[in-house]
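Here is final-v3.cif, consisting of mmCIF, C-alpha atoms and all ligand atoms:
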```cif
data_work
loop_
_atom_site.label_atom_id
_atom_site.label_comp_id
_atom_site.auth_asym_id
_atom_site.auth_seq_id
_atom_site.Cartn_x
_atom_site.Cartn_y
_atom_site.Cartn_z
CA SER M 862 220.77 -138.56 -142.44
CA GLU M 863 219.30 -137.37 -139.17
CA ASP M 864 219.16 -140.97 -137.91
CA SER M 865 222.90 -141.56 -138.16
CA ARG M 866 223.39 -138.73 -135.66
CA LEU M 867 224.02 -139.98 -132.16
CA LEU M 868 223.69 -136.51 -130.66
CA THR M 869 222.13 -133.36 -132.05
CA VAL M 870 222.11 -130.06 -130.17
CA GLU M 871 220.05 -127.41 -131.90
CA GLY M 872 219.75 -123.69 -131.24
CA LEU M 873 220.51 -123.98 -127.55
CA HIS M 874 219.88 -120.89 -125.40
CA ALA M 875 220.61 -121.16 -121.69
CA THR M 876 220.81 -118.90 -118.69
CA TYR M 877 221.86 -118.95 -115.02
CA ASN M 878 219.74 -117.30 -112.32
CA HIS M 879 217.43 -115.76 -114.92
CA SER M 880 220.09 -113.15 -115.55
CA ILE M 881 223.26 -113.83 -117.46
CA THR M 882 222.59 -115.46 -120.78
CA ALA M 883 225.35 -118.02 -121.05
CA LEU M 884 224.36 -119.64 -124.34
CA HIS M 885 222.55 -117.96 -127.16
CA GLY M 886 222.67 -120.25 -130.13
CA VAL M 887 224.71 -123.44 -129.84
CA THR M 888 224.29 -126.06 -132.54
CA LEU M 889 226.38 -129.18 -132.89
CA SER M 890 226.05 -132.79 -133.83
CA LEU M 891 227.96 -136.00 -133.52
CA ALA M 892 227.68 -139.14 -135.61
CA ARG M 893 228.09 -142.60 -134.14
CA GLY M 894 231.78 -143.44 -133.78
CA GLU M 895 233.02 -139.85 -133.98
CA ILE M 896 235.23 -137.83 -131.69
CA VAL M 897 233.98 -134.23 -131.68
CA ALA M 898 235.84 -131.48 -129.85
CA LEU M 899 234.10 -128.43 -128.43
CA LEU M 900 236.60 -125.59 -128.41
CA GLY M 901 236.54 -122.03 -127.10
CA ALA M 902 238.16 -119.60 -124.73
CA ASN M 903 237.55 -119.50 -121.01
CA GLY M 904 233.88 -118.59 -120.48
CA ALA M 905 232.82 -119.25 -124.08
CA GLY M 906 230.16 -121.69 -122.87
CA LYS M 907 231.71 -125.14 -123.24
CA THR M 908 230.83 -126.35 -119.75
CA THR M 909 227.33 -124.90 -119.96
CA THR M 910 226.78 -126.68 -123.27
CA LEU M 911 227.90 -130.03 -121.84
CA LYS M 912 225.76 -129.54 -118.75
CA ALA M 913 222.79 -128.79 -120.97
CA VAL M 914 223.43 -132.02 -122.89
CA SER M 915 223.18 -134.03 -119.65
CA ASN M 916 220.36 -131.84 -118.29
CA LEU M 917 222.54 -130.79 -115.35
CA LEU M 918 221.79 -127.05 -115.51
CA PRO M 919 218.81 -127.04 -113.10
CA ALA M 920 221.17 -128.28 -110.35
CA GLU M 921 223.04 -124.98 -110.72
CA ARG M 922 220.00 -122.73 -111.01
CA GLY M 923 220.44 -122.70 -114.73
CA GLN M 924 217.92 -123.49 -117.41
CA ILE M 925 217.51 -124.10 -121.09
CA LEU M 926 215.46 -121.25 -122.59
CA ALA M 927 215.26 -122.59 -126.12
CA GLY M 928 216.64 -125.30 -128.33
CA SER M 929 216.84 -129.05 -128.03
CA VAL M 930 219.08 -132.01 -127.31
CA ARG M 931 218.43 -135.23 -129.20
CA PHE M 932 220.17 -138.49 -128.35
CA GLU M 933 219.75 -141.58 -130.53
CA GLY M 934 216.85 -139.92 -132.29
CA ARG M 935 214.89 -139.01 -129.15
CA ASP M 936 214.33 -135.59 -127.66
CA VAL M 937 216.03 -135.85 -124.26
CA THR M 938 216.11 -132.14 -123.42
CA ARG M 939 214.02 -132.65 -120.31
CA ASP M 940 215.05 -136.16 -119.31
CA ALA M 941 216.42 -136.72 -115.82
CA PRO M 942 220.25 -136.87 -115.73
CA ALA M 943 220.25 -140.37 -114.21
CA SER M 944 218.02 -141.73 -116.93
CA LEU M 945 220.39 -140.28 -119.53
CA VAL M 946 223.26 -142.19 -117.90
CA ARG M 947 221.21 -145.40 -118.01
CA ARG M 948 220.54 -144.73 -121.67
CA GLY M 949 224.29 -144.45 -122.29
CA LEU M 950 224.90 -140.70 -122.25
CA VAL M 951 227.65 -140.51 -119.64
CA GLN M 952 229.60 -137.43 -118.63
CA VAL M 953 232.96 -136.94 -116.90
CA LEU M 954 232.61 -133.56 -115.25
CA GLU M 955 235.31 -130.89 -115.15
CA GLY M 956 237.81 -131.37 -112.34
CA ARG M 957 238.29 -135.17 -112.36
CA HIS M 958 235.70 -136.08 -109.77
CA CYS M 959 236.49 -139.21 -107.86
CA PHE M 960 235.92 -140.28 -104.29
CA LYS M 961 239.23 -139.48 -102.62
CA SER M 962 238.69 -141.78 -99.65
CA LEU M 963 237.93 -144.80 -101.83
CA THR M 964 240.55 -146.86 -103.62
CA VAL M 965 241.01 -146.55 -107.35
CA GLU M 966 239.25 -149.87 -107.85
CA GLU M 967 236.34 -148.93 -105.58
CA ASN M 968 235.93 -145.73 -107.61
CA LEU M 969 235.88 -147.69 -110.86
CA VAL M 970 233.38 -150.25 -109.57
CA SER M 971 231.09 -147.44 -108.34
CA GLY M 972 230.57 -146.54 -112.02
CA GLY M 973 228.96 -149.92 -112.61
CA LEU M 974 226.51 -149.74 -109.72
CA GLY M 975 223.76 -147.95 -111.63
CA ARG M 976 223.43 -150.64 -114.23
CA SER M 977 222.04 -154.11 -113.93
CA GLY M 978 225.27 -155.88 -114.75
CA SER M 979 226.28 -159.09 -112.97
CA ARG M 980 229.45 -159.32 -110.90
CA SER M 981 231.27 -161.15 -113.66
CA GLU M 982 230.25 -158.50 -116.21
CA ILE M 983 231.57 -155.75 -113.96
CA ALA M 984 234.79 -157.74 -113.43
CA ARG M 985 235.20 -158.06 -117.19
CA ASP M 986 234.63 -154.33 -117.73
CA LEU M 987 237.12 -153.60 -114.96
CA GLU M 988 239.78 -155.68 -116.71
CA LYS M 989 239.06 -153.79 -119.93
CA VAL M 990 239.61 -150.47 -118.16
CA TYR M 991 242.88 -151.81 -116.71
CA ALA M 992 243.96 -152.88 -120.20
CA HIS M 993 243.44 -149.33 -121.44
CA PHE M 994 244.85 -147.68 -118.30
CA PRO M 995 247.66 -149.94 -116.94
CA ARG M 996 248.50 -147.21 -114.42
CA LEU M 997 245.16 -147.75 -112.75
CA LYS M 998 245.82 -151.46 -112.38
CA GLU M 999 249.10 -150.71 -110.59
CA LYS M 1000 247.30 -148.28 -108.28
CA ARG M 1001 244.08 -150.22 -107.82
CA ARG M 1002 244.45 -150.62 -104.07
CA VAL M 1003 245.61 -147.04 -103.46
CA LEU M 1004 243.22 -144.38 -102.15
CA SER M 1005 242.35 -142.05 -105.03
CA GLY M 1006 243.20 -139.03 -102.93
CA LEU M 1007 246.79 -140.25 -102.86
CA THR M 1008 247.12 -140.68 -106.62
CA SER M 1009 248.34 -138.05 -109.09
CA GLY M 1010 246.09 -135.64 -110.96
CA GLY M 1011 246.52 -137.65 -114.14
CA GLU M 1012 245.61 -140.87 -112.36
CA GLN M 1013 242.53 -139.20 -110.88
CA GLN M 1014 241.46 -138.07 -114.35
CA MET M 1015 241.99 -141.63 -115.63
CA THR M 1016 239.96 -142.96 -112.70
CA ALA M 1017 237.10 -140.57 -113.49
CA ILE M 1018 237.16 -141.74 -117.13
CA GLY M 1019 237.42 -145.39 -116.10
CA ARG M 1020 234.48 -145.03 -113.76
CA ALA M 1021 232.43 -143.55 -116.62
CA LEU M 1022 233.42 -146.53 -118.80
CA LEU M 1023 232.05 -148.91 -116.15
CA SER M 1024 228.61 -147.45 -116.79
CA ARG M 1025 228.87 -148.60 -120.42
CA PRO M 1026 228.57 -145.30 -122.30
CA ARG M 1027 227.29 -145.12 -125.86
CA LEU M 1028 228.44 -141.50 -125.82
CA LEU M 1029 231.19 -140.37 -123.47
CA VAL M 1030 231.13 -136.64 -122.73
CA LEU M 1031 234.27 -135.14 -121.19
CA ASP M 1032 234.74 -131.63 -119.84
CA GLU M 1033 238.32 -130.40 -120.12
CA PRO M 1034 240.20 -133.64 -119.37
CA SER M 1035 243.55 -131.83 -119.82
CA MET M 1036 242.90 -129.37 -117.00
CA GLY M 1037 245.92 -128.91 -114.75
CA LEU M 1038 247.82 -131.89 -116.17
CA ALA M 1039 251.34 -132.08 -117.58
CA PRO M 1040 251.59 -132.24 -121.39
CA LEU M 1041 252.78 -135.86 -121.46
CA VAL M 1042 249.90 -136.96 -119.25
CA VAL M 1043 247.46 -135.09 -121.49
CA GLN M 1044 248.87 -136.89 -124.55
CA ASP M 1045 248.58 -140.21 -122.73
CA ILE M 1046 244.92 -139.59 -121.88
CA PHE M 1047 243.98 -138.44 -125.37
CA ARG M 1048 245.83 -141.38 -126.95
CA THR M 1049 243.83 -143.74 -124.75
CA LEU M 1050 240.56 -142.00 -125.67
CA LYS M 1051 241.48 -142.41 -129.35
CA ARG M 1052 242.18 -146.11 -128.81
CA LEU M 1053 238.81 -146.56 -127.05
CA ASN M 1054 237.22 -144.82 -130.03
CA ARG M 1055 239.00 -147.01 -132.59
CA GLU M 1056 238.86 -150.35 -130.82
CA GLU M 1057 235.52 -150.16 -129.04
CA GLY M 1058 233.72 -147.71 -131.32
CA LEU M 1059 233.19 -145.35 -128.40
CA SER M 1060 231.72 -141.99 -129.48
CA ILE M 1061 233.23 -139.02 -127.68
CA LEU M 1062 232.28 -135.36 -127.19
CA VAL M 1063 235.11 -133.49 -125.49
CA ALA M 1064 235.29 -129.84 -124.42
CA GLU M 1065 238.84 -128.53 -124.40
CA GLN M 1066 240.70 -125.28 -124.03
CA ASN M 1067 243.79 -127.09 -125.30
CA SER M 1068 242.79 -126.76 -128.96
CA ALA M 1069 246.08 -128.14 -130.29
CA VAL M 1070 245.67 -131.47 -128.54
CA ALA M 1071 241.93 -131.67 -129.20
CA LEU M 1072 242.38 -131.02 -132.93
CA THR M 1073 245.07 -133.71 -133.07
CA TYR M 1074 242.73 -136.42 -131.82
CA ALA M 1075 239.23 -135.29 -132.86
CA ASP M 1076 237.53 -136.04 -136.17
CA ARG M 1077 235.59 -132.78 -136.11
CA ALA M 1078 235.37 -129.71 -133.94
CA VAL M 1079 232.91 -126.97 -133.07
CA ILE M 1080 234.15 -123.59 -131.89
CA LEU M 1081 232.19 -121.50 -129.39
CA GLU M 1082 232.58 -117.78 -128.91
CA ASN M 1083 230.53 -115.91 -126.31
CA GLY M 1084 227.88 -118.62 -126.08
CA VAL M 1085 227.43 -119.10 -129.82
CA SER M 1086 228.80 -121.86 -132.05
CA VAL M 1087 230.59 -119.84 -134.71
CA LEU M 1088 232.53 -122.43 -136.68
CA SER M 1089 232.54 -126.17 -137.23
CA GLY M 1090 234.30 -128.56 -139.55
CA SER M 1091 236.75 -131.41 -139.80
CA ALA M 1092 239.72 -131.13 -137.48
CA ALA M 1093 242.04 -131.11 -140.50
CA ASP M 1094 240.20 -128.20 -142.17
CA LEU M 1095 240.04 -126.19 -138.95
CA LYS M 1096 243.75 -126.71 -138.22
CA ALA M 1097 244.59 -125.31 -141.64
CA ARG M 1098 242.60 -122.08 -141.23
CA ASP M 1099 244.58 -118.91 -140.54
CA ASP M 1100 242.03 -117.56 -138.03
CA VAL M 1101 242.00 -120.82 -136.08
CA LYS M 1102 245.81 -120.91 -136.11
CA ALA M 1103 246.01 -117.34 -134.84
CA PHE M 1104 243.29 -117.45 -132.18
CA TYR M 1105 243.26 -121.07 -131.03
CA LEU M 1106 246.63 -122.58 -131.86
CA GLY M 1107 248.86 -119.64 -131.00
CA GLN M 1108 250.54 -119.71 -134.39
CA LYS M 1109 251.30 -116.70 -136.56
P1 LIG M 1201 235.62 -122.65 -118.68
O1 LIG M 1201 236.72 -123.13 -119.53
O2 LIG M 1201 236.01 -121.59 -117.71
O3 LIG M 1201 234.84 -123.76 -118.04
P2 LIG M 1201 233.48 -122.45 -120.53
O4 LIG M 1201 233.72 -122.22 -121.98
O5 LIG M 1201 233.20 -123.83 -120.11
O6 LIG M 1201 234.66 -121.87 -119.68
P3 LIG M 1201 231.10 -121.75 -119.12
O7 LIG M 1201 231.64 -122.24 -117.84
O8 LIG M 1201 230.06 -122.54 -119.80
O9 LIG M 1201 232.29 -121.49 -120.15
O10 LIG M 1201 230.57 -120.27 -118.87
C1 LIG M 1201 229.75 -119.57 -119.80
C2 LIG M 1201 229.17 -118.33 -119.12
O11 LIG M 1201 228.27 -118.70 -118.08
C3 LIG M 1201 230.23 -117.47 -118.45
O12 LIG M 1201 229.85 -116.12 -118.64
C4 LIG M 1201 230.14 -117.84 -116.99
O13 LIG M 1201 230.52 -116.78 -116.17
C5 LIG M 1201 228.68 -118.18 -116.82
N1 LIG M 1201 228.48 -119.21 -115.79
C6 LIG M 1201 229.03 -120.45 -115.79
N2 LIG M 1201 228.61 -121.17 -114.73
C7 LIG M 1201 227.78 -120.39 -114.03
C8 LIG M 1201 227.01 -120.55 -112.82
N3 LIG M 1201 227.00 -121.70 -112.13
N4 LIG M 1201 226.27 -119.49 -112.39
C9 LIG M 1201 226.25 -118.34 -113.09
N5 LIG M 1201 226.94 -118.11 -114.21
C10 LIG M 1201 227.70 -119.12 -114.70
#
```

Reformat the file's structure so that it appears as structure tokens.
Amino acid sequence: SEDSRLLTVEGLHATYNHSITALHGVTLSLARGEIVALLGANGAGKTTTLKAVSNLLPAERGQILAGSVRFEGRDVTRDAPASLVRRGLVQVLEGRHCFKSLTVEENLVSGGLGRSGSRSEIARDLEKVYAHFPRLKEKRRVLSGLTSGGEQQMTAIGRALLSRPRLLVLDEPSMGLAPLVVQDIFRTLKRLNREEGLSILVAEQNSAVALTYADRAVILENGVSVLSGSAADLKARDDVKAFYLGQK
């Protein structure tokens, strides 16, 4: 039913600078506990869709022209980004944003500052992040700017976890990372999903990896969602194999 949906995006149309129409009909939904992948070529509209979900388009002179975003049954299309974070809709932006002049641990803790958690709660969440990302525990006193790309991506994810997401939204976590590191990150996301029930919406150009770990996927082409289904069904389709998995 509609109520079991954690996130529903319906008929989204969006534009930048009143000129280029970036999205003209994006529909997707995610049930509690699911991992949903948003797939598509460079420029298909994945980032714009995720920014619309967190109401981050106005910051880039973009706007939603039509359509809606519902989170936990409420229309949040026009809610302030910070209030969405407080409500549990937390996004890790493209490009593994962390503060390079802060240590890994300071970056992680900064994710817990927006919520009203006590010190001991934040310490407990920090230990949980370290359990999922042992690499971050080893590097906790190192400045983030001196850690590897993979470690910076893990730090960005860990920081998001400190703000206690009910839905974690990730934009292209594989970007610029070696295949083994990408596997490591996706395996950890899957474990967070299984063990903590974390719901995840992840945009990826690496369709092969995304379809390995996601329950369902939605494919965007030129700003329109053209196909959606279970990851297993999509992986078996000839057109998906040819265009998104590089198989003949
Ligand atoms: P990528 O993998 O490159 O991030 P994407 O699927 O995420 O691709 P978007 O970044 O959402 O695609 O881009 C969708 C369309 O919107 C493209 O035509 C792009 O040129 C345009 N666009 C994206 N960001 C902006 C912006 N800040 N200002 C103007 N146009 C933009």

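Taking all atoms listed in the file into account, ligand LIG 1201 (chain M) lies nearest to M:Gly904 out of the set M:Gly904, M:Gly886, M:Gly1019, M:Gly872.
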
- Surrounding residues of Ala905 in chain M excluding itself and chain neighbours under 5 positions, 10 Å, only C-alpha atoms, as a PyMOL selection string: chain M and resi 883-884+900+910+1066+1080-1086

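Shortest separation to Thr1049 in chain M among M:Cys959, M:Asp1100, M:Pro995, M:Ala1064 occurs at residue M:Pro995, atoms counted being only C-alpha atoms.
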
Could you give me, as a PDB file with C-alpha atoms, keeping the file's coordinate frame, the residues within 9 Å of Leu1031 in chain M, counting only C-alpha atoms and dropping anything in the same chain fewer than 2 positions from it?
```pdb
ATOM      1  CA  LEU M 911     227.900-130.030-121.840  1.00  0.00           C
ATOM      2  CA  VAL M 951     227.650-140.510-119.640  1.00  0.00           C
ATOM      3  CA  GLN M 952     229.600-137.430-118.630  1.00  0.00           C
ATOM      4  CA  VAL M 953     232.960-136.940-116.900  1.00  0.00           C
ATOM      5  CA  LEU M 954     232.610-133.560-115.250  1.00  0.00           C
ATOM      6  CA  GLU M 955     235.310-130.890-115.150  1.00  0.00           C
ATOM      7  CA  ILE M1018     237.160-141.740-117.130  1.00  0.00           C
ATOM      8  CA  LEU M1029     231.190-140.370-123.470  1.00  0.00           C
ATOM      9  CA  GLU M1033     238.320-130.400-120.120  1.00  0.00           C
ATOM     10  CA  PRO M1034     240.200-133.640-119.370  1.00  0.00           C
ATOM     11  CA  ILE M1061     233.230-139.020-127.680  1.00  0.00           C
ATOM     12  CA  LEU M1062     232.280-135.360-127.190  1.00  0.00           C
ATOM     13  CA  VAL M1063     235.110-133.490-125.490  1.00  0.00           C
ATOM     14  CA  ALA M1064     235.290-129.840-124.420  1.00  0.00           C
ATOM     15  CA  GLU M1065     238.840-128.530-124.400  1.00  0.00           C
TER      16      GLU M1065
END
```

- Message: (246.2, -150.4, -107.5) in this file's frame - what residues fall within 12 Å of it? Use only C-alpha atoms and give the answer as number ranges by chain.
- Response: M: 963-969, 991, 994-1005, 1007-1008, 1012, 1016

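Picture a line from atom O9 of ligand LIG 1201 (chain M) to CA of Thr909 in chain M; it runs 6.0 Å.
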
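Between Val897 in chain M and the candidates M:Ser979, M:His993, M:Glu1057, M:Leu867, the tightest atom-to-atom separation, counting only C-alpha atoms, involves M:Leu867.
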
- Mind checking which residues fall within 12 Å of range 946-948 of chain M, counting all atoms listed in the file, ignoring those fewer than 4 positions away in the same chain, and posting them as number ranges by chain? M: 914-917, 932-933, 935, 937, 940-942, 952-953, 972-978, 1021-1030

- One-decimal distance in Å that lies between CA of Ala1069 in chain M and CA of Gly901 in chain M: 11.8 Å

- Message: I'd like the interatomic distance between atom O7 of ligand LIG 1201 (chain M) and CA of Tyr1105 in chain M, to a tenth of an Å.
- Response: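 Value for the atom O7 of ligand LIG 1201 (chain M)-CA of Tyr1105 in chain M distance: 17.6 Å.
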
Reconstructed all heavy atoms for range 965-976 of chain M, given as a PDB file, in the frame of the given file:
```pdb
ATOM      1  N   VAL M 965     241.224-146.689-105.915  1.00  0.00           N
ATOM      2  CA  VAL M 965     241.010-146.550-107.350  1.00  0.00           C
ATOM      3  C   VAL M 965     239.987-147.577-107.826  1.00  0.00           C
ATOM      4  O   VAL M 965     239.025-147.248-108.530  1.00  0.00           O
ATOM      5  CB  VAL M 965     242.357-146.703-108.101  1.00  0.00           C
ATOM      6  CG1 VAL M 965     242.135-146.887-109.594  1.00  0.00           C
ATOM      7  CG2 VAL M 965     243.259-145.490-107.822  1.00  0.00           C
ATOM      8  N   GLU M 966     240.166-148.827-107.396  1.00  0.00           N
ATOM      9  CA  GLU M 966     239.250-149.870-107.850  1.00  0.00           C
ATOM     10  C   GLU M 966     237.816-149.658-107.346  1.00  0.00           C
ATOM     11  O   GLU M 966     236.850-149.866-108.075  1.00  0.00           O
ATOM     12  CB  GLU M 966     239.748-151.259-107.456  1.00  0.00           C
ATOM     13  CG  GLU M 966     238.867-152.361-108.004  1.00  0.00           C
ATOM     14  CD  GLU M 966     239.622-153.665-108.200  1.00  0.00           C
ATOM     15  OE1 GLU M 966     240.583-153.666-108.988  1.00  0.00           O
ATOM     16  OE2 GLU M 966     239.263-154.656-107.556  1.00  0.00           O
ATOM     17  N   GLU M 967     237.688-149.215-106.103  1.00  0.00           N
ATOM     18  CA  GLU M 967     236.340-148.930-105.580  1.00  0.00           C
ATOM     19  C   GLU M 967     235.680-147.809-106.386  1.00  0.00           C
ATOM     20  O   GLU M 967     234.475-147.853-106.663  1.00  0.00           O
ATOM     21  CB  GLU M 967     236.424-148.548-104.102  1.00  0.00           C
ATOM     22  CG  GLU M 967     236.699-149.746-103.192  1.00  0.00           C
ATOM     23  CD  GLU M 967     237.132-149.357-101.783  1.00  0.00           C
ATOM     24  OE1 GLU M 967     237.508-148.181-101.543  1.00  0.00           O
ATOM     25  OE2 GLU M 967     237.121-150.243-100.911  1.00  0.00           O
ATOM     26  N   ASN M 968     236.466-146.795-106.761  1.00  0.00           N
ATOM     27  CA  ASN M 968     235.930-145.730-107.610  1.00  0.00           C
ATOM     28  C   ASN M 968     235.434-146.274-108.939  1.00  0.00           C
ATOM     29  O   ASN M 968     234.345-145.934-109.390  1.00  0.00           O
ATOM     30  CB  ASN M 968     237.025-144.677-107.881  1.00  0.00           C
ATOM     31  CG  ASN M 968     236.967-143.525-106.902  1.00  0.00           C
ATOM     32  OD1 ASN M 968     236.093-142.669-106.997  1.00  0.00           O
ATOM     33  ND2 ASN M 968     237.885-143.517-105.948  1.00  0.00           N
ATOM     34  N   LEU M 969     236.252-147.137-109.546  1.00  0.00           N
ATOM     35  CA  LEU M 969     235.880-147.690-110.860  1.00  0.00           C
ATOM     36  C   LEU M 969     234.597-148.493-110.743  1.00  0.00           C
ATOM     37  O   LEU M 969     233.656-148.310-111.516  1.00  0.00           O
ATOM     38  CB  LEU M 969     237.012-148.563-111.397  1.00  0.00           C
ATOM     39  CG  LEU M 969     238.311-147.826-111.732  1.00  0.00           C
ATOM     40  CD1 LEU M 969     239.403-148.822-112.116  1.00  0.00           C
ATOM     41  CD2 LEU M 969     238.101-146.815-112.850  1.00  0.00           C
ATOM     42  N   VAL M 970     234.544-149.381-109.742  1.00  0.00           N
ATOM     43  CA  VAL M 970     233.380-150.250-109.570  1.00  0.00           C
ATOM     44  C   VAL M 970     232.117-149.418-109.326  1.00  0.00           C
ATOM     45  O   VAL M 970     231.028-149.766-109.794  1.00  0.00           O
ATOM     46  CB  VAL M 970     233.615-151.269-108.429  1.00  0.00           C
ATOM     47  CG1 VAL M 970     232.332-151.983-108.054  1.00  0.00           C
ATOM     48  CG2 VAL M 970     234.688-152.280-108.857  1.00  0.00           C
ATOM     49  N   SER M 971     232.265-148.286-108.627  1.00  0.00           N
ATOM     50  CA  SER M 971     231.090-147.440-108.340  1.00  0.00           C
ATOM     51  C   SER M 971     230.414-146.989-109.640  1.00  0.00           C
ATOM     52  O   SER M 971     229.219-146.726-109.652  1.00  0.00           O
ATOM     53  CB  SER M 971     231.481-146.237-107.480  1.00  0.00           C
ATOM     54  OG  SER M 971     232.143-145.260-108.266  1.00  0.00           O
ATOM     55  N   GLY M 972     231.167-146.924-110.730  1.00  0.00           N
ATOM     56  CA  GLY M 972     230.570-146.540-112.020  1.00  0.00           C
ATOM     57  C   GLY M 972     229.649-147.598-112.574  1.00  0.00           C
ATOM     58  O   GLY M 972     228.806-147.307-113.423  1.00  0.00           O
ATOM     59  N   GLY M 973     229.790-148.838-112.091  1.00  0.00           N
ATOM     60  CA  GLY M 973     228.960-149.920-112.610  1.00  0.00           C
ATOM     61  C   GLY M 973     227.733-150.184-111.765  1.00  0.00           C
ATOM     62  O   GLY M 973     226.905-151.020-112.106  1.00  0.00           O
ATOM     63  N   LEU M 974     227.589-149.444-110.655  1.00  0.00           N
ATOM     64  CA  LEU M 974     226.510-149.740-109.720  1.00  0.00           C
ATOM     65  C   LEU M 974     225.129-149.408-110.261  1.00  0.00           C
ATOM     66  O   LEU M 974     224.154-150.049-109.913  1.00  0.00           O
ATOM     67  CB  LEU M 974     226.738-149.003-108.388  1.00  0.00           C
ATOM     68  CG  LEU M 974     227.994-149.428-107.618  1.00  0.00           C
ATOM     69  CD1 LEU M 974     228.133-148.618-106.334  1.00  0.00           C
ATOM     70  CD2 LEU M 974     227.955-150.921-107.320  1.00  0.00           C
ATOM     71  N   GLY M 975     225.063-148.395-111.122  1.00  0.00           N
ATOM     72  CA  GLY M 975     223.760-147.950-111.630  1.00  0.00           C
ATOM     73  C   GLY M 975     223.164-148.904-112.635  1.00  0.00           C
ATOM     74  O   GLY M 975     221.979-148.858-112.923  1.00  0.00           O
ATOM     75  N   ARG M 976     223.980-149.765-113.203  1.00  0.00           N
ATOM     76  CA  ARG M 976     223.430-150.640-114.230  1.00  0.00           C
ATOM     77  C   ARG M 976     223.172-152.038-113.673  1.00  0.00           C
ATOM     78  O   ARG M 976     223.602-152.380-112.584  1.00  0.00           O
ATOM     79  CB  ARG M 976     224.374-150.713-115.434  1.00  0.00           C
ATOM     80  CG  ARG M 976     225.822-150.986-115.090  1.00  0.00           C
ATOM     81  CD  ARG M 976     226.618-151.075-116.367  1.00  0.00           C
ATOM     82  NE  ARG M 976     226.953-152.460-116.588  1.00  0.00           N
ATOM     83  CZ  ARG M 976     228.208-152.900-116.652  1.00  0.00           C
ATOM     84  NH1 ARG M 976     229.214-152.060-116.530  1.00  0.00           N
ATOM     85  NH2 ARG M 976     228.447-154.184-116.865  1.00  0.00           N
TER      86      ARG M 976
END
```
